[in-house]
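One structure below.
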Amino acid sequence: MIETTAQPPAPTAPALGLKDLVLRILERDPHRAFTVEDLLTLLKLQSPKDPQKQAQAVEQVTGHLRRLVEEGPITEIDPGLFKCRLYFEIEKSIEHAYIGGMGNNRYRFKSPIFRLNIGVLSVYFIKDSKKGEWFITVRDTTIGRDYALVRRLRDGKYLVGSRPAAAGEEGYVQIAGRYIEKKHLTLTITGDEIGVEDHNTPNGTRIDLLTKDGLARYEQAARAFLKATDPQGQKDVVKRGRFVLEQLLNQHQNYETTFFGAVVDRLLIVS
């Protein structure tokens, strides 16, 4: 007869707290934005027949969402609308979001440099903090060139699309190109806060922006580039690209070339 030794039970993972459960739901569907009501339903915390219990659940979930926003893994993209934050790289310098084609059509953020990707167009917005206005550059891959809009934007609400502006239509910004609709999105600028609302377009809009830490990181590299480069060569895209490549090869620091160029442009503007 073979004797066996009883094995201790395998350790069980600790149960997740409510805050962790909320974060897990948002991370599981990172392109979707959730309301408190959405989360209550998914967490099976709805108590319509018990108003006191329902109010308590709302307060708990709302409190956890606020803490998660403060800690950084999620963001409130519109009042009462929460979404997981997504990044391009491990340094978390560039945050991105996709709106329009996947249901959610709004995003709210703060950054002095951001990019809207619409089809083959990349539209860069760079803030001149001295004048309090934004200038816009457009990169169109179908024609292989970049150009800047003459118009500068200040605080206000703007409709962005491909059609020509009508007479007296001050709040319209035309950006011609493939896949951009006649009325593609609404851009709202309020001080340091930016709001983008895609008009439920079939191709949607992707937003890329420098985070606070990302801006500091890119500015440090951009200042080093300006210090090492003569004024005549500071706008040379080849020299900028070579500097970024050298940072990767020699310092193991990775920078997105076009955002690096945008940060250099901003430093030149405010200098």
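Every chain in the structure tokens takes a letter, A first, then B, and so on in the order presented; its residues are numbered from 1, and the ligands are numbered from 1 following the presented order.
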
Please give the complete set of residues from segment 65-187 of chain A that DSSP, run on the backbone, assigns to alpha helix (DSSP H), formatted as a VMD selection string. chain A and resid 65 to 71

Determine, counting only C-alpha atoms, which protein, DNA and RNA residues have an atom within 12 Å of an atom of Glu133 of chain A; residues of the same chain fewer than 6 positions away are not included. Present the result as a list in words. Pro112, Ile113, Phe125, Ile126, Lys127, Arg151, Arg152, Leu153, Arg154, Asp155, Gly156, Ile189, Thr190, Gly191, Asp192, Arg266, Ile269 and Val270 of chain A

Find the residues of segment 170-235 of chain A that sit at most 12 Å from segment 252-263 of chain A; for each, write down the nearest two atoms and how far apart they are in Å, to one decimal. Count only C-alpha atoms. Sort by chain, then by number going up, and give it as CSV.
```
residue,atom,partner,partner_atom,distance
A:Asp208,CA,A:Phe259,CA,9.6
A:Leu209,CA,A:Phe259,CA,8.9
A:Leu210,CA,A:Phe259,CA,8.1
A:Thr211,CA,A:Phe259,CA,11.7
A:Gly214,CA,A:Tyr255,CA,9.8
A:Leu215,CA,A:Val263,CA,7.9
A:Ala216,CA,A:Val263,CA,9.9
A:Arg217,CA,A:Tyr255,CA,9.3
A:Tyr218,CA,A:Phe260,CA,6.3
A:Glu219,CA,A:Val263,CA,6.4
A:Gln220,CA,A:Val263,CA,9.8
A:Ala221,CA,A:Phe260,CA,8.2
A:Ala222,CA,A:Val263,CA,6.6
A:Arg223,CA,A:Val263,CA,9.3
A:Ala224,CA,A:Phe260,CA,11.7
A:Phe225,CA,A:Phe260,CA,10.1
A:Leu226,CA,A:Val263,CA,11.0
A:Gln234,CA,A:Gly261,CA,9.7
A:Lys235,CA,A:Gly261,CA,8.4
```

One decimal, Å: what's the distance from atom CA of Thr141 of chain A over to atom CA of Lys92 of chain A, could you say?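 Separation between atom CA of Thr141 of chain A and atom CA of Lys92 of chain A: 26.1 Å.
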
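Minimum atom-to-atom distances from A:Phe243, A:Phe82, A:Tyr107, A:Tyr87 to Leu185 of chain A were compared using only C-alpha atoms, and the lowest value belongs to A:Tyr107.
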